[in-house]
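**Q** First the structure, which I've put down as structure tokens, then a few questions once you've had a look.
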Amino acid sequence: MRRLVKVLLLVGVIAALQGCGPVEKMDSQGSEIAKNIIISPDSTSDLDPATIKEIVTKTIDCDQWASVTVLAESRGDGYMLYGQLASADVYELKFFQMGLDAENEVSNLSYDVFWPNKAAGRSFYPSCPNSSMETYWTTECSTISSSVSAINKNDSTAKNRGYVSTKAIGSGESYTNVTNYLSCSGLKVWGRVGHGYTGGLQLTGGQMLSSFSMSLDGHGVYANSCLAYNDPFKSRVFNAGAEWFVSGITNLYIGPSEAVFSCAMGKALSQTNVCSAVNSCMQSGAGTHGCGGPNQVIPKPGGGPNPTPTPTPGPTPTPTPGDSCQGMCGKKSGSCWCDNLCKQYGDCCPDYDQFCGPNPTPTPQPTPTPTPGKSCQGYCGQKSPDGCWCDNLCKQYNDCCPDYDQVC
């Protein structure tokens with residue numbers, strides 16, 4: 001739950017990253033960044049928050065970050081600190097994990113796109129708060145005026161055009177609330193402003209929305225977030241059945257990208273093609289957006305029928321020798337595709353059905369033989385609910401689940 005699947009230990013990094021700048025500026029800069037360090041409410045450690053702030057301030061090159069959220073957990077005789085670094089200029093995140101020994105000295109530091117997702121280990125059944133809800137606008141960035149303004153404007157526009165709409169700003173954009181609203185069958189649009197990366201969207205409280213446990217049929221998603229339109233997250237959104245999806249291919253800059261968001265949604269809520277609206281609203285300095293989906297027209301308010309466009313068939317590609325879907329499901333392979341839209345557009349690889357179709361040829365996998373009640377099945381890189389661990393440090397701490405080698 002709290003360890004990187006792919007740990008990249010940076011040899012000597014602690015010596016290289018001594019604080020937020022030159023030593024003579026450490027005190028003033030450290031004092032400034034400490035104001036932006038947030039201790040996650042999910043922390044289970046008894047480590048003093050002031051100590052956490054001091055350690056992070058002295059260790060992380062932090063002057064480029066608008067905020068640093070830290071999750072602390074006990075581990076053996078020491079602690080593990082997990083950090084989410086939010087950029088001051090773009091909707092982009094970076095993550096770190098830091099090991100502390102019994103004297104609270106930093107023993108290891110590594111970076112990757114990761115945040116422990118406590119929601120992944122629990123049984124959660126979403127419940128729609130309002131079955132008549134049609135548009136949902138959210139942002140975790142309550143301290144960024146342009147993001148709050150965009151959410152308020154889109155919510156107002158939707159209501160003026162007859163949609164049943166609601167919004168959530170700051171702590172209201174929690175994993176639980178978003179999951180509940182996405183389960184509403186009448187929801188047509190979820191539009192949000194916040195941080196992201198190629199693995200998913202970062203919601204308030206450090207929860208990472210990297211996949212969807214429910215269908216997105218009938219829903220469109222506009223995520224004003226960096227890099228989220230890229231795989232693997234893009235494929236997960238479309239595989240969940242999203243009607244359309246808009247997000248950043250590159251970094252989306254704070255300010256102009258929200259202007260694109262409001263402009264595009266203003267047009268699209270009048271039944272203009274979503275991707276056409278995005279393209280017409282693009283402006284310099286916003287970053288590069290991606291947009292796609294099988295049905296890019298938002299249904300009219302009040303449960304009206306959703307216009308079903310007839311897709312324009314593209315030319316049938318001539319497969320290049322070697323083009324294959326083996327290991328490429330949900331992606332482009334050479335000159336052909338292996339995603340769930342390739343049959344609609346006639347550009348599937350020749351072996352799509354074999355590897356990615358409704359009944360793909362299964363790849364034999366070793367069958368683990370876990371000890372009853374203690375297993376890594378479904379928990380690689382995390383802590384099993386049974387108390388043992390399935391991450392890449394469990395052997396070091398001698399607390400692996402019995403089937404760690406087989407499963408992870």
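Going through the structure tokens in order, the chains are called A, B, and so on, while each chain numbers its residues from 1 and the ligands are numbered from 1 in the order shown.
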Do you have, as a Markdown table, the list of residues of range 61-166 of chain A lying at most 9 Å from range 36-57 of chain A, each with its nearest atom pair and that distance in Å to one decimal, counting only C-alpha atoms and ordered by chain then number?
**A**
| residue | atom | partner | partner_atom | distance |
| --- | --- | --- | --- | --- |
| A:Asp61 | CA | A:Thr57 | CA | 8.0 |
| A:Cys62 | CA | A:Thr57 | CA | 7.3 |
| A:Trp65 | CA | A:Asn36 | CA | 8.7 |
| A:Ala66 | CA | A:Asn36 | CA | 6.8 |
| A:Ser67 | CA | A:Asn36 | CA | 4.8 |
| A:Val68 | CA | A:Ile37 | CA | 4.7 |
| A:Thr69 | CA | A:Ile38 | CA | 4.6 |
| A:Val70 | CA | A:Ile39 | CA | 5.0 |
| A:Leu71 | CA | A:Ser40 | CA | 5.0 |
| A:Ala72 | CA | A:Ser43 | CA | 5.0 |
| A:Glu73 | CA | A:Ser45 | CA | 4.6 |
| A:Ser74 | CA | A:Ser45 | CA | 5.3 |
| A:Tyr79 | CA | A:Ser45 | CA | 7.6 |
| A:Met80 | CA | A:Ser45 | CA | 8.9 |
| A:Leu81 | CA | A:Ile52 | CA | 8.3 |
| A:Gly83 | CA | A:Val56 | CA | 8.8 |
| A:Met98 | CA | A:Val56 | CA | 8.9 |
| A:Asn104 | CA | A:Ile55 | CA | 8.3 |
| A:Glu105 | CA | A:Ile55 | CA | 8.3 |
| A:Val106 | CA | A:Ile55 | CA | 8.1 |
| A:Lys118 | CA | A:Asp42 | CA | 8.1 |
**Q** Residues as selected, N, CA, C and O atoms, written as a PDB file, in the first residue's frame, can you do that?
**A**
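Generated file (again_29.pdb):
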ATOM      1  N   ASP A  61      14.378  18.786  -2.646  1.00  0.00           N
ATOM      2  CA  ASP A  61      14.585  20.011  -3.420  1.00  0.00           C
ATOM      3  C   ASP A  61      13.199  20.567  -3.746  1.00  0.00           C
ATOM      4  O   ASP A  61      12.601  20.221  -4.759  1.00  0.00           O
ATOM      5  N   CYS A  62      12.662  21.417  -2.873  1.00  0.00           N
ATOM      6  CA  CYS A  62      11.222  21.653  -2.862  1.00  0.00           C
ATOM      7  C   CYS A  62      10.769  23.033  -3.306  1.00  0.00           C
ATOM      8  O   CYS A  62       9.581  23.333  -3.261  1.00  0.00           O
ATOM      9  N   TRP A  65       7.712  23.483  -5.764  1.00  0.00           N
ATOM     10  CA  TRP A  65       6.426  22.854  -5.490  1.00  0.00           C
ATOM     11  C   TRP A  65       5.516  23.787  -4.703  1.00  0.00           C
ATOM     12  O   TRP A  65       5.933  24.423  -3.736  1.00  0.00           O
ATOM     13  N   ALA A  66       4.247  23.819  -5.101  1.00  0.00           N
ATOM     14  CA  ALA A  66       3.275  24.657  -4.408  1.00  0.00           C
ATOM     15  C   ALA A  66       2.832  24.024  -3.095  1.00  0.00           C
ATOM     16  O   ALA A  66       2.487  24.714  -2.147  1.00  0.00           O
ATOM     17  N   SER A  67       2.825  22.682  -3.057  1.00  0.00           N
ATOM     18  CA  SER A  67       2.457  21.993  -1.822  1.00  0.00           C
ATOM     19  C   SER A  67       3.099  20.618  -1.801  1.00  0.00           C
ATOM     20  O   SER A  67       3.396  20.034  -2.852  1.00  0.00           O
ATOM     21  N   VAL A  68       3.317  20.121  -0.607  1.00  0.00           N
ATOM     22  CA  VAL A  68       3.890  18.798  -0.404  1.00  0.00           C
ATOM     23  C   VAL A  68       3.000  18.083   0.607  1.00  0.00           C
ATOM     24  O   VAL A  68       2.884  18.514   1.756  1.00  0.00           O
ATOM     25  N   THR A  69       2.322  17.016   0.181  1.00  0.00           N
ATOM     26  CA  THR A  69       1.501  16.221   1.084  1.00  0.00           C
ATOM     27  C   THR A  69       2.292  14.987   1.490  1.00  0.00           C
ATOM     28  O   THR A  69       2.838  14.289   0.635  1.00  0.00           O
ATOM     29  N   VAL A  70       2.357  14.714   2.784  1.00  0.00           N
ATOM     30  CA  VAL A  70       3.176  13.612   3.289  1.00  0.00           C
ATOM     31  C   VAL A  70       2.301  12.622   4.050  1.00  0.00           C
ATOM     32  O   VAL A  70       1.498  13.011   4.909  1.00  0.00           O
ATOM     33  N   LEU A  71       2.448  11.343   3.717  1.00  0.00           N
ATOM     34  CA  LEU A  71       1.805  10.260   4.440  1.00  0.00           C
ATOM     35  C   LEU A  71       2.897   9.512   5.199  1.00  0.00           C
ATOM     36  O   LEU A  71       3.896   9.102   4.605  1.00  0.00           O
ATOM     37  N   ALA A  72       2.750   9.356   6.508  1.00  0.00           N
ATOM     38  CA  ALA A  72       3.755   8.688   7.342  1.00  0.00           C
ATOM     39  C   ALA A  72       3.198   7.386   7.886  1.00  0.00           C
ATOM     40  O   ALA A  72       2.053   7.331   8.340  1.00  0.00           O
ATOM     41  N   GLU A  73       4.026   6.323   7.826  1.00  0.00           N
ATOM     42  CA  GLU A  73       3.624   5.024   8.360  1.00  0.00           C
ATOM     43  C   GLU A  73       4.800   4.379   9.079  1.00  0.00           C
ATOM     44  O   GLU A  73       5.951   4.501   8.638  1.00  0.00           O
ATOM     45  N   SER A  74       4.522   3.696  10.176  1.00  0.00           N
ATOM     46  CA  SER A  74       5.550   2.967  10.894  1.00  0.00           C
ATOM     47  C   SER A  74       6.013   1.782  10.061  1.00  0.00           C
ATOM     48  O   SER A  74       5.221   1.147   9.369  1.00  0.00           O
ATOM     49  N   TYR A  79      10.376   4.493  10.137  1.00  0.00           N
ATOM     50  CA  TYR A  79       9.162   4.977   9.487  1.00  0.00           C
ATOM     51  C   TYR A  79       9.373   5.047   7.983  1.00  0.00           C
ATOM     52  O   TYR A  79      10.514   5.096   7.490  1.00  0.00           O
ATOM     53  N   MET A  80       8.255   5.069   7.241  1.00  0.00           N
ATOM     54  CA  MET A  80       8.270   5.357   5.816  1.00  0.00           C
ATOM     55  C   MET A  80       7.454   6.626   5.596  1.00  0.00           C
ATOM     56  O   MET A  80       6.348   6.764   6.143  1.00  0.00           O
ATOM     57  N   LEU A  81       8.018   7.565   4.849  1.00  0.00           N
ATOM     58  CA  LEU A  81       7.304   8.777   4.468  1.00  0.00           C
ATOM     59  C   LEU A  81       7.039   8.728   2.972  1.00  0.00           C
ATOM     60  O   LEU A  81       7.947   8.458   2.184  1.00  0.00           O
ATOM     61  N   GLY A  83       5.548  11.038  -0.196  1.00  0.00           N
ATOM     62  CA  GLY A  83       5.284  12.433  -0.499  1.00  0.00           C
ATOM     63  C   GLY A  83       4.663  12.642  -1.860  1.00  0.00           C
ATOM     64  O   GLY A  83       5.018  11.974  -2.836  1.00  0.00           O
ATOM     65  N   MET A  98      10.497   7.898   1.335  1.00  0.00           N
ATOM     66  CA  MET A  98      11.691   8.128   2.136  1.00  0.00           C
ATOM     67  C   MET A  98      11.669   7.194   3.335  1.00  0.00           C
ATOM     68  O   MET A  98      10.688   7.162   4.087  1.00  0.00           O
ATOM     69  N   ASN A 104      15.492   8.422  13.148  1.00  0.00           N
ATOM     70  CA  ASN A 104      14.835   9.354  12.228  1.00  0.00           C
ATOM     71  C   ASN A 104      15.797   9.965  11.226  1.00  0.00           C
ATOM     72  O   ASN A 104      15.573  11.078  10.731  1.00  0.00           O
ATOM     73  N   GLU A 105      16.873   9.248  10.921  1.00  0.00           N
ATOM     74  CA  GLU A 105      17.779   9.653   9.862  1.00  0.00           C
ATOM     75  C   GLU A 105      17.309   9.015   8.555  1.00  0.00           C
ATOM     76  O   GLU A 105      16.806   7.884   8.538  1.00  0.00           O
ATOM     77  N   VAL A 106      17.461   9.729   7.435  1.00  0.00           N
ATOM     78  CA  VAL A 106      17.010   9.222   6.142  1.00  0.00           C
ATOM     79  C   VAL A 106      17.936   8.089   5.694  1.00  0.00           C
ATOM     80  O   VAL A 106      19.147   8.285   5.545  1.00  0.00           O
ATOM     81  N   LYS A 118      -5.197   3.895  -0.166  1.00  0.00           N
ATOM     82  CA  LYS A 118      -5.839   3.136   0.890  1.00  0.00           C
ATOM     83  C   LYS A 118      -7.208   2.603   0.457  1.00  0.00           C
ATOM     84  O   LYS A 118      -7.693   1.613   0.983  1.00  0.00           O
TER      85      LYS A 118
END
**Q** Running DSSP on the backbone, which parts of range 102-310 of chain A land in alpha helix (DSSP H), as a PyMOL selection string?
**A** chain A and resi 145-160+175-182+233-239+256-268+274-281
**Q** Between CA of Leu269 in chain A and CA of Gly255 in chain A, measure the distance and give it in Å to one decimal.
**A** 21.6 Å
**Q** Let me make sure I understand: among A:Gly99, A:Gly170, A:Pro385, A:Gly378, which one has the smallest atom-to-atom distance to Cys408 in chain A if we use only C-alpha atoms?
**A**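 Nearest to Cys408 in chain A: A:Gly378.
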**Q** Please return as a VMD selection string: the residues of range 213-242 of chain A that backbone DSSP assigns to strand (DSSP E).
**A** chain A and resid 220 to 224
**Q** Using only C-alpha atoms, which residues sit within 9 Å of Ala259 in chain A once same-chain residues fewer than 6 positions away are excluded, as a ChimeraX atom specification?
**A** /A:146,150,281-283,286
**Q** I'd like to know which of A:Cys380, A:Ala88, A:Met265, A:Val297 is closest to Leu393 in chain A, using only C-alpha atoms.
**A**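 Using only C-alpha atoms, Leu393 in chain A sits closest to A:Cys380.
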**Q** Would you kindly return, as a PDB file with N, CA and C atoms, in the first residue's frame, each protein, DNA or RNA residue with an atom no farther than 8 Å from any atom of range 188-202 of chain A, considering only C-alpha atoms and excluding same-chain residues fewer than 5 positions away?
**A**
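File written: around.pdb
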ATOM      1  N   ALA A  86       3.120  18.776  -5.520  1.00  0.00           N
ATOM      2  CA  ALA A  86       2.251  19.443  -6.492  1.00  0.00           C
ATOM      3  C   ALA A  86       2.954  20.674  -7.047  1.00  0.00           C
ATOM      4  N   TYR A  91      -0.515  21.451 -13.801  1.00  0.00           N
ATOM      5  CA  TYR A  91      -1.263  20.426 -13.074  1.00  0.00           C
ATOM      6  C   TYR A  91      -0.509  19.104 -13.168  1.00  0.00           C
ATOM      7  N   GLU A  92       0.630  19.059 -12.486  1.00  0.00           N
ATOM      8  CA  GLU A  92       1.520  17.908 -12.539  1.00  0.00           C
ATOM      9  C   GLU A  92       1.944  17.533 -11.123  1.00  0.00           C
ATOM     10  N   LEU A  93       2.144  16.230 -10.911  1.00  0.00           N
ATOM     11  CA  LEU A  93       2.570  15.719  -9.621  1.00  0.00           C
ATOM     12  C   LEU A  93       3.869  14.941  -9.752  1.00  0.00           C
ATOM     13  N   VAL A 113       6.104   7.645  -9.949  1.00  0.00           N
ATOM     14  CA  VAL A 113       4.715   8.120  -9.987  1.00  0.00           C
ATOM     15  C   VAL A 113       3.877   7.173  -9.132  1.00  0.00           C
ATOM     16  N   GLU A 134     -26.861  15.296 -13.543  1.00  0.00           N
ATOM     17  CA  GLU A 134     -26.429  15.180 -14.936  1.00  0.00           C
ATOM     18  C   GLU A 134     -25.013  15.691 -15.184  1.00  0.00           C
ATOM     19  N   THR A 135     -24.583  16.732 -14.464  1.00  0.00           N
ATOM     20  CA  THR A 135     -23.211  17.206 -14.628  1.00  0.00           C
ATOM     21  C   THR A 135     -22.582  17.398 -13.250  1.00  0.00           C
ATOM     22  N   TYR A 136     -21.301  17.090 -13.157  1.00  0.00           N
ATOM     23  CA  TYR A 136     -20.582  17.094 -11.884  1.00  0.00           C
ATOM     24  C   TYR A 136     -19.237  17.776 -12.120  1.00  0.00           C
ATOM     25  N   TRP A 137     -18.962  18.851 -11.373  1.00  0.00           N
ATOM     26  CA  TRP A 137     -17.759  19.657 -11.584  1.00  0.00           C
ATOM     27  C   TRP A 137     -16.948  19.689 -10.290  1.00  0.00           C
ATOM     28  N   THR A 138     -15.663  19.322 -10.351  1.00  0.00           N
ATOM     29  CA  THR A 138     -14.876  19.210  -9.126  1.00  0.00           C
ATOM     30  C   THR A 138     -13.457  19.733  -9.317  1.00  0.00           C
ATOM     31  N   THR A 139     -12.857  20.145  -8.210  1.00  0.00           N
ATOM     32  CA  THR A 139     -11.428  20.460  -8.183  1.00  0.00           C
ATOM     33  C   THR A 139     -10.905  20.256  -6.772  1.00  0.00           C
ATOM     34  N   GLU A 140      -9.691  19.717  -6.671  1.00  0.00           N
ATOM     35  CA  GLU A 140      -9.022  19.632  -5.381  1.00  0.00           C
ATOM     36  C   GLU A 140      -8.292  20.938  -5.067  1.00  0.00           C
ATOM     37  N   CYS A 141      -8.125  21.795  -6.088  1.00  0.00           N
ATOM     38  CA  CYS A 141      -7.237  22.964  -5.989  1.00  0.00           C
ATOM     39  C   CYS A 141      -7.992  24.181  -5.462  1.00  0.00           C
ATOM     40  N   SER A 147      -8.754  27.782 -10.964  1.00  0.00           N
ATOM     41  CA  SER A 147      -9.416  26.475 -10.991  1.00  0.00           C
ATOM     42  C   SER A 147     -10.800  26.560 -10.344  1.00  0.00           C
ATOM     43  N   ILE A 151     -14.577  25.896 -12.238  1.00  0.00           N
ATOM     44  CA  ILE A 151     -15.610  24.989 -11.733  1.00  0.00           C
ATOM     45  C   ILE A 151     -16.919  25.741 -11.515  1.00  0.00           C
ATOM     46  N   LEU A 182     -19.925   9.029  -9.990  1.00  0.00           N
ATOM     47  CA  LEU A 182     -19.694   8.326 -11.252  1.00  0.00           C
ATOM     48  C   LEU A 182     -20.594   7.105 -11.397  1.00  0.00           C
ATOM     49  N   GLN A 207      -5.780  10.089  -2.832  1.00  0.00           N
ATOM     50  CA  GLN A 207      -6.275   8.893  -3.491  1.00  0.00           C
ATOM     51  C   GLN A 207      -6.042   8.984  -4.991  1.00  0.00           C
ATOM     52  N   MET A 208      -5.569   7.910  -5.573  1.00  0.00           N
ATOM     53  CA  MET A 208      -5.238   7.900  -6.979  1.00  0.00           C
ATOM     54  C   MET A 208      -6.321   7.150  -7.764  1.00  0.00           C
ATOM     55  N   LEU A 209      -7.012   7.846  -8.652  1.00  0.00           N
ATOM     56  CA  LEU A 209      -8.047   7.224  -9.458  1.00  0.00           C
ATOM     57  C   LEU A 209      -7.388   6.668 -10.715  1.00  0.00           C
ATOM     58  N   SER A 210      -6.807   5.473 -10.601  1.00  0.00           N
ATOM     59  CA  SER A 210      -6.051   4.900 -11.710  1.00  0.00           C
ATOM     60  C   SER A 210      -6.890   3.936 -12.543  1.00  0.00           C
ATOM     61  N   SER A 211      -8.030   3.545 -12.041  1.00  0.00           N
ATOM     62  CA  SER A 211      -8.918   2.669 -12.807  1.00  0.00           C
ATOM     63  C   SER A 211     -10.338   2.909 -12.299  1.00  0.00           C
ATOM     64  N   GLY A 218     -22.233   6.272 -21.058  1.00  0.00           N
ATOM     65  CA  GLY A 218     -23.066   7.458 -20.993  1.00  0.00           C
ATOM     66  C   GLY A 218     -22.375   8.662 -20.387  1.00  0.00           C
ATOM     67  N   HIS A 219     -21.161   8.474 -19.840  1.00  0.00           N
ATOM     68  CA  HIS A 219     -20.439   9.569 -19.199  1.00  0.00           C
ATOM     69  C   HIS A 219     -19.352  10.110 -20.113  1.00  0.00           C
ATOM     70  N   GLY A 220     -19.094  11.407 -20.001  1.00  0.00           N
ATOM     71  CA  GLY A 220     -17.916  12.013 -20.588  1.00  0.00           C
ATOM     72  C   GLY A 220     -17.036  12.540 -19.476  1.00  0.00           C
ATOM     73  N   VAL A 221     -15.725  12.541 -19.686  1.00  0.00           N
ATOM     74  CA  VAL A 221     -14.779  12.978 -18.653  1.00  0.00           C
ATOM     75  C   VAL A 221     -13.880  14.065 -19.230  1.00  0.00           C
ATOM     76  N   TYR A 222     -13.873  15.240 -18.600  1.00  0.00           N
ATOM     77  CA  TYR A 222     -12.930  16.302 -18.946  1.00  0.00           C
ATOM     78  C   TYR A 222     -12.036  16.490 -17.730  1.00  0.00           C
ATOM     79  N   ALA A 223     -10.792  16.009 -17.817  1.00  0.00           N
ATOM     80  CA  ALA A 223      -9.844  16.109 -16.712  1.00  0.00           C
ATOM     81  C   ALA A 223      -8.760  17.103 -17.094  1.00  0.00           C
ATOM     82  N   ASN A 224      -8.836  18.288 -16.521  1.00  0.00           N
ATOM     83  CA  ASN A 224      -7.854  19.332 -16.825  1.00  0.00           C
ATOM     84  C   ASN A 224      -6.568  19.016 -16.059  1.00  0.00           C
ATOM     85  N   SER A 225      -5.894  17.951 -16.474  1.00  0.00           N
ATOM     86  CA  SER A 225      -4.752  17.425 -15.735  1.00  0.00           C
ATOM     87  C   SER A 225      -3.630  17.061 -16.691  1.00  0.00           C
ATOM     88  N   CYS A 226      -2.410  17.217 -16.217  1.00  0.00           N
ATOM     89  CA  CYS A 226      -1.237  16.916 -17.044  1.00  0.00           C
ATOM     90  C   CYS A 226      -1.158  15.430 -17.383  1.00  0.00           C
ATOM     91  N   LEU A 227      -0.870  15.137 -18.653  1.00  0.00           N
ATOM     92  CA  LEU A 227      -0.450  13.817 -19.120  1.00  0.00           C
ATOM     93  C   LEU A 227      -1.489  12.707 -18.978  1.00  0.00           C
ATOM     94  N   ALA A 228      -2.679  12.998 -18.432  1.00  0.00           N
ATOM     95  CA  ALA A 228      -3.643  11.931 -18.155  1.00  0.00           C
ATOM     96  C   ALA A 228      -4.261  11.347 -19.430  1.00  0.00           C
ATOM     97  N   TYR A 229      -4.149  12.059 -20.582  1.00  0.00           N
ATOM     98  CA  TYR A 229      -4.714  11.506 -21.811  1.00  0.00           C
ATOM     99  C   TYR A 229      -3.812  10.410 -22.386  1.00  0.00           C
ATOM    100  N   ASN A 230      -2.617  10.267 -21.874  1.00  0.00           N
ATOM    101  CA  ASN A 230      -1.701   9.243 -22.365  1.00  0.00           C
ATOM    102  C   ASN A 230      -2.031   7.889 -21.743  1.00  0.00           C
ATOM    103  N   ASP A 231      -1.532   6.825 -22.359  1.00  0.00           N
ATOM    104  CA  ASP A 231      -1.674   5.499 -21.759  1.00  0.00           C
ATOM    105  C   ASP A 231      -0.745   5.396 -20.558  1.00  0.00           C
ATOM    106  N   PRO A 232      -1.107   4.597 -19.516  1.00  0.00           N
ATOM    107  CA  PRO A 232      -2.211   3.632 -19.537  1.00  0.00           C
ATOM    108  C   PRO A 232      -3.575   4.189 -19.123  1.00  0.00           C
ATOM    109  N   PHE A 233      -3.625   5.415 -18.589  1.00  0.00           N
ATOM    110  CA  PHE A 233      -4.899   5.899 -18.061  1.00  0.00           C
ATOM    111  C   PHE A 233      -5.933   6.104 -19.160  1.00  0.00           C
ATOM    112  N   GLU A 258      -7.481  26.303 -17.856  1.00  0.00           N
ATOM    113  CA  GLU A 258      -8.851  26.371 -17.352  1.00  0.00           C
ATOM    114  C   GLU A 258      -9.739  27.211 -18.264  1.00  0.00           C
ATOM    115  N   ILE A 298     -22.796  15.699 -26.054  1.00  0.00           N
ATOM    116  CA  ILE A 298     -23.402  15.545 -24.737  1.00  0.00           C
ATOM    117  C   ILE A 298     -24.915  15.477 -24.878  1.00  0.00           C
ATOM    118  N   PRO A 299     -25.582  14.489 -24.270  1.00  0.00           N
ATOM    119  CA  PRO A 299     -27.040  14.404 -24.364  1.00  0.00           C
ATOM    120  C   PRO A 299     -27.710  15.659 -23.817  1.00  0.00           C
TER     121      PRO A 299
END
**Q** Can you list, as a tab-separated table (two decimals) with C-alpha atoms, in the first residue's frame, every protein, DNA or RNA residue that comes within 6 Å of Ala264 in chain A when you count only C-alpha atoms, leaving out same-chain residues fewer than 2 positions away?
**A**
chain	number	residue	atom	x	y	z
A	260	VAL	CA	-9.91	26.23	-22.55
A	261	PHE	CA	-11.90	24.02	-20.16
A	262	SER	CA	-14.63	26.62	-19.59
A	266	GLY	CA	-19.69	26.12	-22.71
A	267	LYS	CA	-19.91	25.08	-26.37
A	277	ALA	CA	-15.20	22.61	-29.16
A	278	VAL	CA	-11.85	21.83	-27.54
A	281	CYS	CA	-11.04	26.95	-27.78
**Q** If you count only C-alpha atoms, which residues fall within 8 Å of range 325-329 of chain A, apart from same-chain ones fewer than 4 positions away, as a JSON list (two decimals) with N, CA, C and O atoms, in the first residue's frame?
**A**
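Okay, this is what ended up in result_28.json:
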[["chain", "number", "residue", "atom", "x", "y", "z"],
["A", 333, "SER", "N", 0.05, -0.75, -32.00],
["A", 333, "SER", "CA", 1.18, -1.63, -32.25],
["A", 333, "SER", "C", 1.63, -1.43, -33.69],
["A", 333, "SER", "O", 0.98, -1.89, -34.63],
["A", 337, "TRP", "N", -3.88, -1.12, -34.46],
["A", 337, "TRP", "CA", -4.31, -0.85, -33.08],
["A", 337, "TRP", "C", -4.83, -2.11, -32.41],
["A", 337, "TRP", "O", -5.31, -3.04, -33.07],
["A", 338, "CYS", "N", -4.76, -2.09, -31.05],
["A", 338, "CYS", "CA", -5.23, -3.22, -30.24],
["A", 338, "CYS", "C", -6.16, -2.73, -29.14],
["A", 338, "CYS", "O", -6.21, -3.30, -28.04],
["A", 339, "ASP", "N", -6.89, -1.62, -29.37],
["A", 339, "ASP", "CA", -7.80, -1.11, -28.36],
["A", 339, "ASP", "C", -9.23, -1.50, -28.69],
["A", 339, "ASP", "O", -9.50, -2.14, -29.71],
["A", 349, "CYS", "N", -5.04, -4.82, -35.47],
["A", 349, "CYS", "CA", -3.98, -5.73, -35.90],
["A", 349, "CYS", "C", -4.60, -7.08, -36.26],
["A", 349, "CYS", "O", -5.66, -7.44, -35.74],
["A", 351, "ASP", "N", -4.08, -10.07, -35.38],
["A", 351, "ASP", "CA", -4.32, -11.04, -34.31],
["A", 351, "ASP", "C", -5.04, -10.42, -33.12],
["A", 351, "ASP", "O", -4.92, -10.90, -31.99],
["A", 352, "TYR", "N", -5.83, -9.34, -33.37],
["A", 352, "TYR", "CA", -6.54, -8.68, -32.27],
["A", 352, "TYR", "C", -7.46, -9.65, -31.53],
["A", 352, "TYR", "O", -7.45, -9.71, -30.30],
["A", 355, "PHE", "N", -5.60, -12.14, -29.13],
["A", 355, "PHE", "CA", -4.99, -11.67, -27.91],
["A", 355, "PHE", "C", -5.85, -10.70, -27.11],
["A", 355, "PHE", "O", -5.71, -10.62, -25.88],
["A", 356, "CYS", "N", -6.74, -9.94, -27.77],
["A", 356, "CYS", "CA", -7.46, -8.87, -27.06],
["A", 356, "CYS", "C", -8.97, -8.92, -27.24],
["A", 356, "CYS", "O", -9.68, -8.04, -26.72]]
**Q** Extract, using only C-alpha atoms, all DNA, RNA and protein residues at most 12 Å from Val164 in chain A, discarding same-chain residues fewer than 5 positions from it, and format them as a PyMOL selection string.
**A** chain A and resi 130-137+155-159+186-189+300-303
**Q** When you count only C-alpha atoms, which of these residues is closest to Tyr163 in chain A: A:Ser375, A:Ser270, A:Thr288, A:Ser280?
**A** A:Ser270
